[in-house]
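Novice: Okay, so here is coords_10.cif, and as you'll see once you scroll down, it has mmCIF, C-alpha atoms.
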```cif
data_my_file
#
loop_
_atom_site.label_atom_id
_atom_site.label_comp_id
_atom_site.auth_asym_id
_atom_site.auth_seq_id
_atom_site.Cartn_x
_atom_site.Cartn_y
_atom_site.Cartn_z
CA MET A 1 -71.22 -151.49 -259.15
CA ASP A 2 -68.16 -149.29 -259.89
CA SER A 3 -64.77 -150.95 -260.38
CA TYR A 4 -61.36 -149.29 -260.05
CA LEU A 5 -57.91 -150.49 -261.12
CA ILE A 6 -54.79 -149.32 -259.28
CA GLN A 7 -51.58 -150.22 -261.12
CA VAL A 8 -48.06 -149.84 -259.70
CA ASN A 9 -45.47 -149.22 -262.43
CA GLY A 10 -41.72 -149.60 -261.86
CA HIS A 11 -38.98 -149.38 -264.46
CA GLY A 12 -35.32 -150.22 -263.89
CA ASP A 13 -33.67 -148.01 -261.25
CA HIS A 14 -36.67 -145.77 -260.84
CA ALA A 15 -38.87 -146.14 -257.78
CA PRO A 16 -42.27 -147.61 -258.41
CA MET A 17 -44.87 -145.04 -259.46
CA LEU A 18 -48.46 -145.21 -258.36
CA ASP A 19 -50.52 -145.08 -261.53
CA VAL A 20 -54.20 -144.73 -260.78
CA HIS A 21 -56.76 -145.49 -263.52
CA LEU A 22 -60.35 -144.87 -262.70
CA LYS A 23 -62.75 -147.04 -264.66
CA ASN A 24 -66.41 -146.64 -264.12
CA THR A 25 -68.80 -149.10 -265.67
CA GLY A 26 -71.48 -146.45 -265.58
CA ASN A 27 -70.72 -142.75 -265.76
CA THR A 28 -67.23 -141.60 -266.69
CA ILE A 29 -65.36 -139.58 -264.06
CA SER A 30 -63.44 -136.74 -265.67
CA PRO A 31 -60.34 -135.44 -263.91
CA GLY A 32 -60.78 -132.01 -262.33
CA LYS A 33 -64.57 -132.04 -262.37
CA VAL A 34 -66.83 -132.33 -259.39
CA LYS A 35 -70.52 -132.80 -259.94
CA GLY A 36 -72.52 -129.64 -259.31
CA ARG A 37 -69.53 -127.35 -258.90
CA LYS A 38 -67.95 -125.14 -261.48
CA PRO A 39 -64.45 -124.17 -260.33
CA ARG A 40 -63.92 -120.43 -259.96
CA TRP A 41 -61.81 -118.09 -257.89
CA ALA A 42 -63.71 -116.73 -254.90
CA VAL A 43 -61.21 -115.68 -252.24
CA ARG A 44 -62.78 -113.36 -249.69
CA ALA A 45 -61.61 -111.85 -246.41
CA SER A 46 -62.99 -113.61 -243.34
CA GLU A 47 -65.84 -112.22 -241.27
CA MET A 48 -63.44 -111.86 -238.35
CA SER A 49 -61.11 -109.67 -240.38
CA LYS A 50 -64.04 -107.53 -241.51
CA LYS A 51 -65.17 -107.06 -237.90
CA THR A 52 -61.68 -106.03 -236.78
CA PHE A 53 -61.55 -102.26 -236.42
CA ASN A 54 -58.97 -100.15 -234.63
CA PRO A 55 -60.45 -96.67 -234.02
CA VAL A 56 -57.04 -95.11 -233.35
CA ARG A 57 -55.65 -96.29 -236.68
CA ALA A 58 -58.88 -95.42 -238.49
CA ILE A 59 -58.85 -91.85 -237.17
CA VAL A 60 -55.11 -91.22 -237.36
CA ASP A 61 -54.75 -92.74 -240.83
CA SER A 62 -57.58 -90.53 -242.11
CA MET A 63 -55.88 -87.36 -240.80
CA LYS A 64 -54.35 -86.36 -244.11
CA VAL A 65 -52.46 -83.35 -242.83
CA GLU A 66 -48.89 -82.15 -243.26
CA PRO A 67 -46.99 -80.60 -240.34
CA ASN A 68 -45.70 -77.05 -240.54
CA PRO A 69 -42.39 -77.37 -242.45
CA LYS A 70 -40.93 -74.45 -240.46
CA LYS A 71 -41.30 -76.29 -237.14
CA ALA A 72 -39.84 -79.63 -236.11
CA MET A 73 -42.49 -82.26 -235.42
CA ILE A 74 -43.23 -83.02 -231.76
CA SER A 75 -45.26 -86.21 -231.40
CA LEU A 76 -47.11 -86.56 -228.11
CA SER A 77 -49.32 -89.31 -229.47
CA LEU A 78 -47.64 -92.70 -229.08
CA GLY A 79 -47.67 -94.54 -225.75
CA ASP A 80 -44.16 -95.91 -226.26
CA PRO A 81 -41.69 -94.69 -223.60
CA THR A 82 -38.67 -95.70 -225.70
CA VAL A 83 -39.22 -93.36 -228.66
CA PHE A 84 -36.95 -90.46 -227.64
CA GLY A 85 -34.29 -92.42 -225.77
CA ASN A 86 -34.68 -90.40 -222.56
CA LEU A 87 -36.18 -93.36 -220.67
CA PRO A 88 -33.85 -96.34 -221.22
CA THR A 89 -34.40 -99.57 -219.36
CA ASN A 90 -32.03 -100.51 -216.55
CA ASP A 91 -28.61 -102.07 -217.23
CA GLU A 92 -29.59 -105.04 -215.07
CA VAL A 93 -32.49 -105.73 -217.44
CA THR A 94 -30.34 -105.73 -220.58
CA ARG A 95 -27.65 -107.77 -218.82
CA ALA A 96 -30.25 -110.41 -217.94
CA MET A 97 -31.25 -110.61 -221.60
CA LYS A 98 -27.64 -110.94 -222.78
CA GLU A 99 -26.96 -113.74 -220.33
CA ALA A 100 -30.12 -115.59 -221.36
CA LEU A 101 -29.10 -115.31 -225.01
CA ASP A 102 -25.49 -116.33 -224.41
CA SER A 103 -26.54 -119.36 -222.37
CA GLY A 104 -28.01 -121.02 -225.46
CA GLN A 105 -30.69 -122.58 -223.28
CA TYR A 106 -33.65 -120.63 -224.63
CA ASN A 107 -33.60 -121.20 -228.38
CA GLY A 108 -36.32 -123.84 -228.51
CA TYR A 109 -40.03 -124.02 -227.87
CA ALA A 110 -41.34 -123.35 -224.39
CA PRO A 111 -44.64 -124.68 -223.02
CA SER A 112 -47.52 -122.61 -224.38
CA VAL A 113 -48.22 -121.11 -220.94
CA GLY A 114 -44.52 -120.37 -220.33
CA TYR A 115 -41.68 -122.11 -218.55
CA GLN A 116 -42.62 -123.35 -215.08
CA SER A 117 -39.67 -121.50 -213.51
CA CYS A 118 -40.80 -118.24 -215.13
CA ARG A 119 -44.36 -118.66 -213.93
CA GLU A 120 -42.97 -119.28 -210.45
CA ALA A 121 -40.93 -116.07 -210.70
CA VAL A 122 -43.96 -113.97 -211.67
CA ALA A 123 -46.09 -115.57 -208.95
CA ALA A 124 -43.38 -114.86 -206.36
CA TYR A 125 -43.11 -111.23 -207.50
CA TYR A 126 -46.84 -110.48 -207.25
CA THR A 127 -48.04 -112.77 -204.45
CA CYS A 128 -49.18 -111.21 -201.19
CA PRO A 129 -51.27 -112.40 -198.23
CA GLU A 130 -54.36 -110.58 -199.54
CA ALA A 131 -54.06 -112.15 -203.01
CA PRO A 132 -51.78 -115.22 -202.93
CA LEU A 133 -50.42 -116.60 -206.19
CA LYS A 134 -48.74 -119.83 -207.26
CA ALA A 135 -47.18 -120.81 -210.57
CA GLN A 136 -50.41 -122.45 -211.77
CA ASP A 137 -52.14 -119.06 -211.37
CA VAL A 138 -49.87 -117.50 -214.02
CA ILE A 139 -50.20 -117.68 -217.82
CA LEU A 140 -47.35 -116.04 -219.75
CA THR A 141 -48.36 -114.26 -222.96
CA SER A 142 -46.94 -112.33 -225.88
CA GLY A 143 -47.33 -108.92 -224.29
CA CYS A 144 -50.21 -107.55 -222.25
CA SER A 145 -52.27 -107.23 -225.43
CA GLN A 146 -52.35 -111.00 -225.87
CA ALA A 147 -53.14 -111.39 -222.18
CA ILE A 148 -56.23 -109.21 -222.69
CA GLU A 149 -57.15 -111.14 -225.84
CA LEU A 150 -56.94 -114.53 -224.07
CA ALA A 151 -58.85 -113.25 -221.05
CA LEU A 152 -61.65 -111.92 -223.26
CA ALA A 153 -61.72 -115.08 -225.34
CA VAL A 154 -62.06 -117.35 -222.30
CA LEU A 155 -64.73 -115.26 -220.55
CA ALA A 156 -67.05 -114.20 -223.39
CA ASN A 157 -68.90 -115.89 -226.25
CA PRO A 158 -70.16 -114.29 -229.45
CA GLY A 159 -73.46 -112.58 -228.67
CA GLN A 160 -72.49 -111.74 -225.10
CA ASN A 161 -71.36 -108.28 -223.99
CA ILE A 162 -68.53 -106.78 -221.98
CA LEU A 163 -68.41 -103.52 -220.02
CA VAL A 164 -65.63 -101.17 -221.17
CA PRO A 165 -64.55 -97.75 -219.81
CA ARG A 166 -65.21 -94.54 -221.73
CA PRO A 167 -62.70 -93.02 -222.30
CA GLY A 168 -60.75 -96.23 -222.59
CA PHE A 169 -58.00 -98.11 -224.40
CA SER A 170 -59.25 -98.82 -227.92
CA LEU A 171 -57.91 -102.40 -228.04
CA TYR A 172 -60.75 -103.71 -225.86
CA LYS A 173 -63.31 -102.79 -228.50
CA THR A 174 -61.10 -103.91 -231.38
CA LEU A 175 -60.68 -107.39 -229.91
CA ALA A 176 -64.27 -107.79 -228.73
CA LEU A 177 -65.91 -106.83 -232.01
CA SER A 178 -63.63 -109.16 -233.97
CA MET A 179 -64.87 -111.99 -231.71
CA GLY A 180 -68.55 -111.07 -232.15
CA ILE A 181 -68.78 -109.73 -228.59
CA GLU A 182 -70.87 -106.61 -227.96
CA VAL A 183 -69.22 -103.65 -226.20
CA LYS A 184 -71.12 -101.56 -223.65
CA LEU A 185 -69.34 -98.35 -222.64
CA TYR A 186 -69.56 -97.12 -219.06
CA ASN A 187 -68.66 -93.53 -218.26
CA LEU A 188 -65.67 -92.19 -216.37
CA LEU A 189 -66.10 -88.80 -214.69
CA PRO A 190 -63.43 -86.15 -215.42
CA GLU A 191 -64.72 -83.92 -212.61
CA LYS A 192 -63.99 -86.78 -210.17
CA ALA A 193 -60.47 -87.52 -211.45
CA TRP A 194 -61.92 -90.08 -213.87
CA GLU A 195 -63.66 -92.26 -211.31
CA ILE A 196 -66.28 -94.67 -212.68
CA ASP A 197 -69.89 -93.56 -212.83
CA LEU A 198 -71.00 -96.55 -210.76
CA GLU A 199 -74.72 -96.02 -211.29
CA HIS A 200 -74.24 -95.93 -215.05
CA LEU A 201 -71.97 -98.98 -214.90
CA GLU A 202 -74.50 -101.07 -213.01
CA SER A 203 -77.35 -100.01 -215.30
CA LEU A 204 -75.57 -101.65 -218.25
CA VAL A 205 -75.40 -105.14 -216.74
CA ASP A 206 -77.80 -107.72 -218.18
CA GLU A 207 -78.04 -111.49 -218.49
CA LYS A 208 -75.57 -111.46 -221.40
CA THR A 209 -72.81 -109.54 -219.58
CA ALA A 210 -69.67 -111.70 -219.54
CA CYS A 211 -67.15 -109.46 -217.77
CA LEU A 212 -66.25 -105.99 -216.58
CA ILE A 213 -62.98 -104.43 -217.74
CA VAL A 214 -61.29 -102.22 -215.15
CA ASN A 215 -58.20 -100.33 -216.34
CA ASN A 216 -56.23 -98.95 -213.42
CA PRO A 217 -53.98 -96.95 -213.69
CA SER A 218 -55.71 -95.69 -216.80
CA ASN A 219 -54.79 -95.26 -220.42
CA PRO A 220 -55.72 -92.63 -221.64
CA CYS A 221 -56.58 -90.77 -218.43
CA GLY A 222 -53.52 -91.20 -216.24
CA SER A 223 -55.88 -91.70 -213.31
CA VAL A 224 -55.37 -94.01 -210.32
CA PHE A 225 -58.39 -95.29 -208.39
CA SER A 226 -58.46 -95.00 -204.62
CA LYS A 227 -58.89 -98.04 -202.40
CA SER A 228 -62.43 -96.97 -201.50
CA HIS A 229 -63.42 -96.54 -205.15
CA LEU A 230 -62.03 -99.96 -206.06
CA GLN A 231 -64.10 -101.44 -203.23
CA GLU A 232 -67.19 -99.75 -204.69
CA ILE A 233 -66.42 -101.27 -208.09
CA LEU A 234 -66.03 -104.69 -206.52
CA ALA A 235 -69.36 -104.27 -204.74
CA VAL A 236 -71.10 -103.74 -208.11
CA ALA A 237 -69.36 -106.78 -209.61
CA SER A 238 -70.26 -108.87 -206.57
CA ARG A 239 -73.93 -107.86 -206.61
CA GLN A 240 -74.21 -108.61 -210.31
CA CYS A 241 -71.99 -111.73 -210.27
CA VAL A 242 -69.79 -110.36 -213.06
CA PRO A 243 -66.08 -111.33 -213.18
CA ILE A 244 -63.44 -108.64 -213.69
CA LEU A 245 -60.77 -108.40 -216.35
CA ALA A 246 -58.24 -106.03 -214.73
CA ASP A 247 -55.86 -104.30 -217.14
CA GLU A 248 -53.06 -103.38 -214.74
CA ILE A 249 -50.19 -102.92 -217.19
CA TYR A 250 -49.45 -99.54 -215.53
CA GLY A 251 -49.57 -101.07 -212.03
CA ASP A 252 -47.06 -99.38 -209.72
CA MET A 253 -46.45 -96.66 -212.34
CA VAL A 254 -48.02 -94.11 -209.99
CA PHE A 255 -46.70 -90.85 -208.59
CA ALA A 256 -45.36 -90.54 -205.05
CA ASP A 257 -48.43 -88.78 -203.64
CA CYS A 258 -50.69 -91.65 -204.70
CA LYS A 259 -50.97 -95.35 -203.88
CA TYR A 260 -51.76 -98.14 -206.31
CA GLU A 261 -53.89 -101.01 -205.06
CA PRO A 262 -54.13 -104.17 -207.22
CA ILE A 263 -57.86 -104.79 -207.32
CA ALA A 264 -57.43 -108.49 -206.46
CA THR A 265 -55.99 -107.57 -203.06
CA LEU A 266 -59.36 -106.02 -202.14
CA SER A 267 -61.61 -108.77 -203.50
CA THR A 268 -63.11 -111.36 -201.19
CA ASN A 269 -65.32 -113.12 -203.71
CA VAL A 270 -65.16 -111.53 -207.19
CA PRO A 271 -62.96 -113.65 -209.53
CA ILE A 272 -60.39 -111.59 -211.41
CA LEU A 273 -58.08 -112.08 -214.37
CA SER A 274 -55.34 -109.47 -213.96
CA CYS A 275 -53.33 -108.63 -217.10
CA GLY A 276 -49.86 -107.11 -216.91
CA GLY A 277 -46.38 -107.32 -218.37
CA LEU A 278 -42.89 -105.88 -218.68
CA ALA A 279 -43.75 -103.20 -221.24
CA LYS A 280 -44.29 -100.06 -219.18
CA ARG A 281 -42.76 -100.57 -215.73
CA TRP A 282 -39.54 -101.91 -217.24
CA LEU A 283 -39.75 -99.71 -220.38
CA VAL A 284 -39.42 -102.55 -222.92
CA PRO A 285 -42.73 -102.73 -224.85
CA GLY A 286 -41.07 -104.35 -227.85
CA TRP A 287 -39.99 -107.40 -225.85
CA ARG A 288 -43.59 -108.67 -225.81
CA MET A 289 -43.74 -110.26 -222.38
CA GLY A 290 -47.08 -110.26 -220.61
CA TRP A 291 -49.05 -112.38 -218.19
CA ILE A 292 -52.45 -113.22 -216.78
CA LEU A 293 -52.73 -113.61 -213.01
CA ILE A 294 -55.71 -115.77 -212.01
CA HIS A 295 -57.31 -114.68 -208.74
CA ASP A 296 -60.12 -117.04 -207.77
CA ARG A 297 -60.13 -117.68 -204.04
CA ARG A 298 -63.78 -118.77 -204.00
CA ASP A 299 -63.19 -121.22 -206.89
CA ILE A 300 -65.80 -119.52 -209.06
CA PHE A 301 -63.70 -119.87 -212.21
CA GLY A 302 -62.86 -123.43 -211.20
CA ASN A 303 -60.96 -125.65 -213.61
CA GLU A 304 -63.03 -124.57 -216.58
CA ILE A 305 -61.55 -121.08 -216.96
CA ARG A 306 -58.03 -122.29 -216.15
CA ASP A 307 -58.25 -125.13 -218.65
CA GLY A 308 -59.75 -122.77 -221.20
CA LEU A 309 -56.82 -120.37 -220.85
CA VAL A 310 -54.36 -123.21 -221.32
CA ARG A 311 -56.14 -124.38 -224.48
CA LEU A 312 -56.30 -120.85 -225.88
CA SER A 313 -52.60 -120.35 -225.16
CA GLN A 314 -51.88 -123.39 -227.32
CA ARG A 315 -53.02 -121.56 -230.44
CA ILE A 316 -49.56 -119.98 -230.50
CA LEU A 317 -46.53 -120.81 -228.40
CA GLY A 318 -46.54 -117.80 -226.12
CA PRO A 319 -43.90 -115.14 -225.52
CA CYS A 320 -40.27 -115.02 -226.60
CA THR A 321 -38.25 -117.74 -224.86
CA ILE A 322 -35.15 -115.54 -224.46
CA VAL A 323 -37.16 -112.94 -222.56
CA GLN A 324 -38.53 -115.77 -220.44
CA GLY A 325 -34.97 -116.85 -219.72
CA ALA A 326 -34.20 -113.36 -218.41
CA LEU A 327 -37.50 -112.88 -216.59
CA GLU A 328 -36.61 -114.01 -213.07
CA ARG A 329 -33.53 -111.80 -212.99
CA ILE A 330 -35.46 -108.82 -214.42
CA LEU A 331 -38.18 -109.12 -211.80
CA HIS A 332 -35.96 -109.69 -208.80
CA ARG A 333 -32.73 -107.83 -209.57
CA THR A 334 -33.88 -104.54 -211.08
CA PRO A 335 -32.81 -101.93 -208.51
CA PRO A 336 -35.59 -99.90 -206.82
CA GLU A 337 -33.95 -96.60 -207.81
CA PHE A 338 -34.68 -97.42 -211.46
CA TYR A 339 -38.43 -97.34 -210.80
CA HIS A 340 -38.09 -94.22 -208.64
CA ASN A 341 -36.13 -92.36 -211.32
CA THR A 342 -38.67 -93.22 -214.03
CA LEU A 343 -41.56 -92.05 -211.88
CA SER A 344 -39.71 -88.88 -210.92
CA ILE A 345 -39.31 -87.95 -214.59
CA LEU A 346 -42.94 -88.75 -215.38
CA LYS A 347 -44.21 -86.79 -212.37
CA SER A 348 -42.07 -83.76 -213.26
CA ASN A 349 -43.30 -83.84 -216.87
CA ALA A 350 -46.92 -84.26 -215.74
CA ASP A 351 -46.65 -81.26 -213.40
CA LEU A 352 -45.01 -79.09 -216.06
CA CYS A 353 -47.58 -80.06 -218.69
CA TYR A 354 -50.55 -79.64 -216.35
CA ALA A 355 -49.40 -76.20 -215.17
CA ALA A 356 -48.68 -74.95 -218.68
CA LEU A 357 -51.95 -76.17 -220.20
CA SER A 358 -54.02 -74.96 -217.23
CA ALA A 359 -52.91 -71.42 -218.02
CA ILE A 360 -54.24 -71.58 -221.60
CA PRO A 361 -57.76 -70.15 -222.12
CA GLY A 362 -60.09 -72.74 -223.62
CA LEU A 363 -58.26 -75.79 -222.28
CA GLN A 364 -59.02 -77.76 -219.11
CA PRO A 365 -56.44 -80.45 -218.35
CA VAL A 366 -57.25 -83.15 -215.79
CA ARG A 367 -54.33 -83.72 -213.42
CA PRO A 368 -52.94 -87.28 -213.78
CA ALA A 369 -51.84 -89.45 -210.87
CA GLY A 370 -49.88 -92.08 -212.79
CA ALA A 371 -49.29 -93.94 -216.06
CA MET A 372 -47.90 -91.90 -218.97
CA TYR A 373 -50.79 -89.70 -220.06
CA LEU A 374 -52.75 -86.53 -219.45
CA MET A 375 -56.21 -85.76 -220.83
CA VAL A 376 -57.18 -82.23 -221.83
CA GLU A 377 -60.70 -80.92 -222.39
CA ILE A 378 -61.19 -78.53 -225.30
CA GLU A 379 -63.90 -75.96 -224.54
CA MET A 380 -65.22 -76.21 -228.07
CA GLU A 381 -67.55 -73.22 -227.67
CA HIS A 382 -64.41 -71.06 -227.60
CA PHE A 383 -63.04 -72.62 -230.79
CA PRO A 384 -66.13 -72.44 -233.02
CA GLU A 385 -64.19 -72.75 -236.28
CA PHE A 386 -63.45 -76.39 -235.40
CA GLU A 387 -66.19 -79.01 -235.57
CA ASN A 388 -64.62 -81.37 -233.07
CA ASP A 389 -61.43 -82.61 -231.40
CA VAL A 390 -60.26 -84.31 -234.60
CA GLU A 391 -60.30 -81.02 -236.54
CA PHE A 392 -58.68 -79.23 -233.61
CA THR A 393 -55.77 -81.69 -233.45
CA GLU A 394 -55.41 -81.75 -237.24
CA ARG A 395 -54.94 -77.99 -237.31
CA LEU A 396 -52.55 -78.20 -234.36
CA ILE A 397 -50.38 -80.45 -236.51
CA SER A 398 -50.56 -78.33 -239.66
CA GLU A 399 -49.90 -75.03 -237.86
CA GLN A 400 -47.65 -75.99 -234.94
CA SER A 401 -46.31 -79.48 -235.80
CA VAL A 402 -47.56 -80.86 -232.48
CA PHE A 403 -49.36 -84.20 -232.65
CA CYS A 404 -51.74 -85.12 -229.82
CA LEU A 405 -54.30 -87.89 -230.15
CA PRO A 406 -57.91 -86.69 -230.41
CA ALA A 407 -59.89 -88.40 -227.66
CA THR A 408 -62.48 -89.52 -230.19
CA CYS A 409 -59.97 -92.38 -230.50
CA PHE A 410 -61.03 -93.33 -226.97
CA GLU A 411 -64.78 -92.78 -227.50
CA TYR A 412 -64.55 -89.41 -225.73
CA PRO A 413 -64.91 -86.42 -228.08
CA ASN A 414 -63.72 -82.88 -227.40
CA PHE A 415 -60.67 -83.94 -225.41
CA PHE A 416 -57.14 -84.79 -226.51
CA ARG A 417 -54.47 -87.00 -224.94
CA VAL A 418 -50.90 -85.94 -224.25
CA VAL A 419 -48.09 -88.49 -223.75
CA ILE A 420 -45.71 -87.29 -221.01
CA THR A 421 -42.72 -89.58 -221.63
CA VAL A 422 -40.93 -87.12 -223.93
CA PRO A 423 -37.90 -85.09 -222.78
CA GLU A 424 -38.68 -82.07 -220.59
CA GLU A 425 -37.58 -79.48 -223.14
CA MET A 426 -39.90 -81.07 -225.70
CA ILE A 427 -42.84 -80.94 -223.27
CA LEU A 428 -42.19 -77.22 -222.67
CA GLU A 429 -41.83 -76.46 -226.37
CA ALA A 430 -45.01 -78.39 -227.22
CA CYS A 431 -47.00 -76.57 -224.52
CA SER A 432 -45.69 -73.23 -225.78
CA ARG A 433 -46.85 -74.07 -229.31
CA ILE A 434 -50.23 -75.27 -228.05
CA GLN A 435 -50.61 -71.95 -226.23
CA GLU A 436 -49.77 -70.02 -229.41
CA PHE A 437 -52.27 -72.11 -231.35
CA CYS A 438 -55.07 -71.59 -228.83
CA GLU A 439 -54.44 -67.84 -228.57
CA MET A 440 -54.69 -67.64 -232.35
CA HIS A 441 -58.08 -69.41 -232.50
CA TYR A 442 -59.69 -68.67 -229.14
CA GLN A 443 -62.98 -66.77 -229.24
CA GLY A 444 -64.54 -65.25 -226.15
CA ALA A 445 -68.25 -65.70 -225.51
CA GLU A 446 -69.21 -62.76 -227.74
CA GLY A 447 -66.80 -63.60 -230.53
CA ALA A 448 -67.91 -67.22 -230.59
CA GLN A 449 -71.55 -66.16 -230.72
CA ASP A 450 -70.89 -63.77 -233.62
CA LEU A 451 -69.05 -66.52 -235.52
CA GLU A 452 -71.96 -68.90 -234.99
CA CYS A 453 -74.37 -66.32 -236.38
CA ASP A 454 -72.21 -65.89 -239.49
CA LYS A 455 -72.37 -69.62 -240.30
#
```
As a first step, turn the structure in this file into structure tokens.

Specialist:
Amino acid sequence: MDSYLIQVNGHGDHAPMLDVHLKNTGNTISPGKVKGRKPRWAVRASEMSKKTFNPVRAIVDSMKVEPNPKKAMISLSLGDPTVFGNLPTNDEVTRAMKEALDSGQYNGYAPSVGYQSCREAVAAYYTCPEAPLKAQDVILTSGCSQAIELALAVLANPGQNILVPRPGFSLYKTLALSMGIEVKLYNLLPEKAWEIDLEHLESLVDEKTACLIVNNPSNPCGSVFSKSHLQEILAVASRQCVPILADEIYGDMVFADCKYEPIATLSTNVPILSCGGLAKRWLVPGWRMGWILIHDRRDIFGNEIRDGLVRLSQRILGPCTIVQGALERILHRTPPEFYHNTLSILKSNADLCYAALSAIPGLQPVRPAGAMYLMVEIEMEHFPEFENDVEFTERLISEQSVFCLPATCFEYPNFFRVVITVPEEMILEACSRIQEFCEMHYQGAEGAQDLECDK
């Protein structure tokens, strides 16, 4: 039997020291050695990090191209409405933040799901008879991105699959693959203003399908689904018993001739996790305030999904407390004319951009109805010197210093996306340069055929 001696040594004014002597009547135990293991450095990146892949960053970072030094760069690529300073948030919003900061009441930790008063404010802002909400139906998050992450994490296990729009926001795939969740892409139809191909969508559902992501209004398409189309989507989800993750961050950011319908207001039985936030409607994406609205009137989610969201939210302590302190005032005191003015600017830019690009041979823009984007088809047969949309947009940068995102970033090749939040004069200048570029490289049917034969 092994025997061990623990000796406590104390000398004078010094605190006692714990002096441990290991004596083994059999084998000697050497410090720093563990039987069967030779210490060595072997630090490796986790499997989760290896599975994390952002297609936008992968494509954009690989575009090693310099803009034309004779022309100032015009970037129509980033979905951040604050970049050029022409779309500031409202004074009431910044005043609310200053007051929350000056109060000194919001410097500590908040509950992981957000302050109760803030959840009540969000519930009061979005509740309606068709889709009632209470504070317990609201989870506050660090931006809409974290709302989507938590919603995916609570609904899907590794090995299951989710249904994602194509073209669609790249974050869905980035998050899902990092969690070991398979992504199945359902098609949107440009000839039908980017409505969902419902037959294709339903064909993808199987026993491992965990949820359907519906992004409305859409990034990157700028489309807004009609009430009847949303009802058709809900009918598919109801037949297949698949819950919906609704990315509605652009909710209410729709043009005057169109109406936005939150999908939960049309659902009688399909449970929905609706993700939103301050970023786009209030033009403050850097403030990182988002939320999940739990719509479950048939109690299909039950306590399990709600409890799961609470536990997942406890991994970090949610959104910025100062923004939470300002939230009620932001939601309820921002004047209506602020929203109207923002939408007026976006609608004007969308109309200008659509008209200008429609007049360019070889391009087919799809008219947007909301959000901050416009998608443009490149008739590649008329630009045979370019292999794809990535090459097309690379050359547009190098020759005209105009940066549009190739739609390969959104799983939809041979299109590009234009951001319409830039100042009007910049939109007009960019469209003029795009026209010059296309006229330089456009080949008619005969010219394109001759070029193909020369290859």

Novice: Just the number, please: distance in Å from atom CA of Ala96 of chain A to atom CA of Gly277 of chain A, one decimal.

Specialist: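 So the answer is 16.4 Å.
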
Novice: Segment 257-262 of chain A: which residues within 9 Å, counting all atoms listed in the file, same-chain residues fewer than 6 positions away excluded, as a ChimeraX atom specification?

Specialist: /A:216-217,224-227,230,246,248,251,274,369-370

Novice: Rounded to one decimal place, report the atom CA of Asn219 of chain A-atom CA of Val366 of chain A distance in Å.

Specialist: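 These atoms are spaced 13.2 Å apart.
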
Novice: Record the distance separating atom CA of Phe410 of chain A and atom CA of Phe169 of chain A, expressed in Å with one decimal.

Specialist: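 Computing the Euclidean distance for atom CA of Phe410 of chain A and atom CA of Phe169 of chain A yields 6.2 Å.
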
Novice: Might you pull out every residue within 7 Å of Ile244 of chain A, with all atoms listed in the file counted and same-chain residues fewer than 2 positions away left off, and present them as a list in words?

Specialist: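 Once the adjacent positions are removed, what remains is Cys211, Leu212, Ile213, Val214, Val242, Ala246, Pro271, Ile272 and Leu273 of chain A.
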
Novice: Which residues would end up in the selection if the PyMOL selection byres ((chain A and resi 351) around 12) were applied here, given that I need the answer as a ChimeraX atom specification?

Specialist: /A:255,344-350,352-358,365-370,373-374,420,424,427-428

Novice: Identify the residues within 10 Å of coordinate (-47.2, -118.7, -223.8) (same frame as the file), considering all atoms listed in the file, and give the answer as a PyMOL selection string.

Specialist: chain A and resi 109-115+139-143+146-147+289-291+310+312-321+324

Novice: Take the PyMOL selection byres ((chain A and resi 386) around 12), apply it to the structure above, and return the hits as a list in words.

Specialist: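 So the PyMOL selection byres ((chain A and resi 386) around 12) ends up selecting Ile378, Glu379, Met380, Glu381, His382, Phe383, Pro384, Glu385, Glu387, Asn388, Asp389, Val390, Glu391, Phe392, Thr393, Glu394, Arg395, Leu396, Asn414, Cys438, His441, Tyr442, Gln443, Ala448, Leu451 and Glu452 of chain A.
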
Novice: Just say which residues the PyMOL selection byres ((chain A and resi 421) around 7) picks in this file, as a VMD selection string.

Specialist: chain A and resid 81 346 372 419 to 420 422 to 423

Novice: Keeping only C-alpha atoms, take the residues you just selected and write them out as a compact mmCIF listing (two decimals), keeping the file's coordinate frame.

Specialist:
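Output contents, as saved in result_39.txt:
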```txt
# COMPACT_ATOMS: atom_id res chain seq x y z
CA PRO A 81 -41.69 -94.69 -223.60
CA LEU A 346 -42.94 -88.75 -215.38
CA MET A 372 -47.90 -91.90 -218.97
CA VAL A 419 -48.09 -88.49 -223.75
CA ILE A 420 -45.71 -87.29 -221.01
CA VAL A 422 -40.93 -87.12 -223.93
CA PRO A 423 -37.90 -85.09 -222.78
```

Novice: Please write as a ChimeraX atom specification the list of polymer residues whose atoms come within 12 Å of (-32.6, -112.3, -216.2), counting all atoms listed in the file and keeping to the coordinates of the file.

Specialist: /A:90-103,106,117-118,121,321-334

Novice: Which residues, written as a short mmCIF file (atom, residue, chain, number, x, y, z; two decimals) with C-alpha atoms, in the coordinates of the input, have at least one atom at most 7 Å from Ile249 of chain A, with all atoms listed in the file counted and residues fewer than 4 positions away on the same chain left out?

Specialist:
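Generated output (out38.cif):
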```
data_model
loop_
_atom_site.label_atom_id
_atom_site.label_comp_id
_atom_site.auth_asym_id
_atom_site.auth_seq_id
_atom_site.Cartn_x
_atom_site.Cartn_y
_atom_site.Cartn_z
CA CYS A 144 -50.21 -107.55 -222.25
CA CYS A 275 -53.33 -108.63 -217.10
CA GLY A 276 -49.86 -107.11 -216.91
CA GLY A 277 -46.38 -107.32 -218.37
CA LYS A 280 -44.29 -100.06 -219.18
#
```

Novice: Using all atoms listed in the file, pick whichever of A:Glu337, A:Glu207, A:Glu199, A:Asp296 has the shortest atom-to-atom distance to Gly159 of chain A.

Specialist: A:Glu207
